[in-house]
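Peer 1: What follows is query.cif; its format and atoms are mmCIF, C-alpha atoms.
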data_run
loop_
_atom_site.label_atom_id
_atom_site.label_comp_id
_atom_site.auth_asym_id
_atom_site.auth_seq_id
_atom_site.Cartn_x
_atom_site.Cartn_y
_atom_site.Cartn_z
CA HIS A 232 34.43 25.65 1.95
CA PHE A 233 36.12 28.60 0.20
CA GLN A 234 39.21 26.49 -0.39
CA ALA A 235 37.16 23.56 -1.67
CA LEU A 236 35.38 25.75 -4.23
CA GLN A 237 38.70 27.23 -5.33
CA GLU A 238 40.34 23.81 -5.66
CA LEU A 239 37.39 22.33 -7.56
CA SER A 240 37.22 25.26 -9.97
CA ASP A 241 40.99 25.08 -10.53
CA ALA A 242 40.70 21.34 -11.24
CA CYS A 243 37.90 21.98 -13.76
CA LEU A 244 39.96 24.67 -15.48
CA SER A 245 43.01 22.38 -15.57
CA ALA A 246 40.86 19.65 -17.12
CA GLY A 247 39.69 22.01 -19.86
CA LYS A 248 36.17 22.32 -18.43
CA PRO A 249 35.68 26.08 -17.95
CA GLY A 250 31.91 25.71 -18.12
CA LEU A 251 32.03 23.60 -14.96
CA ALA A 252 34.43 25.96 -13.21
CA ALA A 253 32.38 29.11 -13.83
CA PRO A 254 29.43 28.33 -11.52
CA MET A 255 31.79 27.39 -8.70
CA LEU A 256 33.69 30.65 -9.13
CA ILE A 257 30.44 32.62 -9.11
CA ILE A 258 29.37 30.85 -5.91
CA LEU A 259 32.80 31.50 -4.40
CA SER A 260 32.61 35.22 -5.18
CA ARG A 261 29.12 35.44 -3.66
CA GLN A 262 30.24 33.56 -0.56
CA LEU A 263 33.30 35.77 -0.14
CA ARG A 264 31.19 38.90 -0.58
CA SER A 265 28.67 37.60 1.97
CA TYR A 266 31.37 36.65 4.48
CA TYR A 267 33.60 39.71 4.22
CA GLY A 268 31.15 42.38 3.11
CA SER A 269 32.37 45.40 1.21
CA ASN A 270 34.47 47.09 3.92
CA ASP A 271 37.58 44.94 3.70
CA ALA A 272 40.04 46.19 1.04
CA TRP A 273 41.91 42.87 0.83
CA ALA A 274 38.66 40.95 0.45
CA GLY A 275 37.48 43.39 -2.21
CA SER A 276 40.53 42.74 -4.37
CA GLU A 277 40.26 38.98 -3.73
CA ILE A 278 36.59 38.99 -4.71
CA GLN A 279 37.35 40.98 -7.85
CA ALA A 280 40.06 38.47 -8.81
CA VAL A 281 37.61 35.57 -8.37
CA GLU A 282 34.96 37.41 -10.41
CA GLU A 283 37.51 38.11 -13.15
CA LYS A 284 38.41 34.42 -13.18
CA ALA A 285 34.70 33.54 -13.39
CA ALA A 286 34.24 35.91 -16.34
CA HIS A 287 37.17 34.28 -18.14
CA ALA A 288 35.75 30.82 -17.42
CA LEU A 289 32.34 31.84 -18.78
CA GLU A 290 33.93 33.26 -21.92
CA ALA A 291 36.04 30.14 -22.41
CA GLY A 292 33.02 27.93 -21.79
CA ALA A 293 31.03 29.84 -24.40
CA ALA A 294 33.88 29.47 -26.89
CA LYS A 295 34.02 25.72 -26.24
CA HIS A 296 30.27 25.41 -26.84
CA MET A 297 30.62 27.41 -30.07
CA GLN A 298 33.31 25.00 -31.27
CA GLU A 299 30.88 22.16 -30.59
CA ALA A 300 28.12 24.07 -32.46
CA ASP A 301 26.03 24.16 -29.28
CA PHE A 302 24.95 27.75 -29.84
CA GLU A 303 22.20 27.73 -27.22
CA ALA A 304 24.63 26.79 -24.44
CA ALA A 305 27.18 29.24 -25.85
CA ALA A 306 24.61 32.05 -25.80
CA SER A 307 23.64 31.25 -22.20
CA MET A 308 27.25 31.32 -21.03
CA TRP A 309 28.00 34.46 -23.04
CA ALA A 310 25.01 36.25 -21.50
CA LEU A 311 26.32 35.36 -18.03
CA ALA A 312 29.80 36.55 -19.04
CA ILE A 313 28.30 39.90 -20.04
CA ARG A 314 26.57 40.21 -16.67
CA MET A 315 29.82 39.37 -14.90
CA ARG A 316 31.73 41.94 -16.96
CA GLU A 317 29.05 44.53 -16.18
CA SER A 318 29.50 43.89 -12.46
CA LEU A 319 33.26 44.31 -12.94
CA ASN A 320 32.64 47.69 -14.62
CA ALA A 321 34.18 46.64 -17.92
CA PRO A 322 34.68 49.33 -20.56
CA GLN A 323 31.49 50.15 -22.46
CA GLU A 324 33.17 49.36 -25.79
CA LEU A 325 33.90 45.82 -24.62
CA LEU A 326 30.35 45.36 -23.35
CA ALA A 327 28.93 46.64 -26.64
CA GLU A 328 31.05 44.13 -28.58
CA MET A 329 29.99 41.32 -26.27
CA ARG A 330 26.31 42.24 -26.65
CA SER A 331 26.72 42.30 -30.42
CA SER A 332 28.25 38.83 -30.28
CA LEU A 333 25.36 37.65 -28.13
CA VAL A 334 22.87 38.84 -30.74
CA ALA A 335 24.77 36.85 -33.38
CA LEU A 336 24.70 33.75 -31.16
CA GLN A 337 20.97 34.17 -30.54
CA GLN A 338 20.44 34.44 -34.29
CA ALA A 339 22.40 31.21 -34.76
CA VAL A 340 20.19 29.55 -32.16
CA ALA A 341 17.06 30.79 -33.95
CA SER A 342 18.45 29.68 -37.31
CA ASN A 343 19.29 26.21 -36.00
CA GLY A 344 15.86 25.97 -34.44
CA SER A 345 14.11 26.77 -37.69
CA GLU A 346 16.24 24.23 -39.57
CA ALA A 347 15.60 21.40 -37.11
CA ASP A 348 13.73 18.33 -38.29
CA GLY A 349 10.57 19.42 -36.57
CA ALA A 350 12.09 18.77 -33.16
CA ALA A 351 10.27 20.60 -30.39
CA SER A 352 12.14 23.43 -28.72
CA THR A 353 12.75 23.18 -24.99
CA ARG A 354 12.15 26.91 -24.63
CA GLU A 355 8.76 28.56 -24.45
CA PRO A 356 8.02 31.09 -27.20
CA GLY A 357 9.41 34.47 -26.22
CA GLU A 358 11.62 33.06 -23.46
CA PRO A 359 15.15 34.53 -23.71
CA VAL A 360 17.99 32.19 -24.60
CA ASP A 361 19.93 33.13 -21.48
CA GLY A 362 17.17 31.94 -19.18
CA PRO A 363 14.93 33.80 -16.80
CA GLU A 364 15.90 37.25 -15.66
CA THR A 365 17.07 37.59 -12.08
CA ASP A 366 17.78 40.56 -9.91
CA GLU A 367 20.88 38.93 -8.49
CA GLU A 368 24.16 40.66 -9.16
CA TYR A 369 27.25 38.66 -9.92
#
Render the structure in this file as structure tokens.
Peer 2:
Amino acid sequence: HFQALQELSDACLSAGKPGLAAPMLIILSRQLRSYYGSNDAWAGSEIQAVEEKAAHALEAGAAKHMQEADFEAAASMWALAIRMRESLNAPQELLAEMRSSLVALQQAVASNGSEADGAASTREPGEPVDGPETDEEY
């Protein structure tokens, strides 16, 4: 099933659908980590490459949602991209810039929500834009 996840994610990326590829890449990295553990040097570099690809897919998916003015979806994907970059030990400067961008996206979501024609929000008051917190590491 590793190969199937890889092929499906590659097909999604080739079709310009990074938002669809990202979850498959995250699942693939988790499955590889579960199967190989952390003792295999080859597997460690393979897992890191998959996680890097997932981070890129999340970032590209967020950018695509921003182009479509879907700021809520963009913020969700960007928050996941930050978590992925954190797990990859990205430089703190990069993470700070990404967090700053996330705040701007969340402000855009709030601004769009307050300008809506009285449409009800699908989020509960106080619920974060990026969804419920989990203890899972990417």
Peer 1: Identify all residues satisfying the PyMOL selection byres ((chain A and resi 232-241) around 8) in the given file; provide them as number ranges by chain.
Peer 2: A: 242-245, 251-253, 255-256, 259, 262-263
Peer 1: Which region 250-309 of chain A residues have any atom within 12 Å of an atom of region 340-344 of chain A, and for each, what is the nearest pair of atoms with distance in Å to one decimal, counting all atoms listed in the file, rows sorted by chain and number, as CSV?
Peer 2:
residue,atom,partner,partner_atom,distance
A:Met297,CA,A:Val340,CA,10.9
A:Ala300,CA,A:Val340,CA,9.6
A:Asp301,CA,A:Val340,CA,8.5
A:Phe302,CA,A:Val340,CA,5.6
A:Glu303,CA,A:Val340,CA,5.6
A:Ala304,CA,A:Val340,CA,9.3
A:Ala305,CA,A:Val340,CA,9.4
A:Ala306,CA,A:Val340,CA,8.1
A:Ser307,CA,A:Val340,CA,10.7
Peer 1: Skip Ala310 (chain A) itself and residues of its chain fewer than 4 positions away, then list as a count of residues only all residues within 12 Å of it, counting only C-alpha atoms.
Peer 2: 30
Peer 1: Using only C-alpha atoms, find the one residue out of A:Ala291, A:Val281, A:Ala246, A:Leu325 that sits nearest to Met308 (chain A).
Peer 2: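 Nearest candidate to Met308 (chain A) out of A:Ala291, A:Val281, A:Ala246, A:Leu325: A:Ala291.
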Peer 1: So the first atom is CA of Ala339 (chain A) and the second is CA of Lys295 (chain A); what is the distance between them in Å, to one decimal place?
Peer 2: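 Atom-to-atom, CA of Ala339 (chain A) to CA of Lys295 (chain A), that is 15.4 Å.
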Peer 1: Closest to Ser265 (chain A) among A:Ala285, A:Leu319, A:Ala327, A:Ile278, using all atoms listed in the file?
Peer 2: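 Smallest separation from Ser265 (chain A) among the options: A:Ile278.
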Peer 1: Work out how far CA of Pro249 (chain A) is from CA of Glu283 (chain A), in Å to one decimal.
Peer 2: 13.1 Å
Peer 1: What does the structure give for the distance between CA of Ala274 (chain A) and CA of Gln323 (chain A), in Å to one decimal?
Peer 2: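 So the answer is 25.7 Å.
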Peer 1: May I ask which of the residues A:Leu311, A:Gln298, A:Pro322, A:Ile257 is the closest one to Ala280 (chain A), counting all atoms listed in the file?
Peer 2: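 Ranked by minimum distance to Ala280 (chain A), first place goes to A:Ile257.
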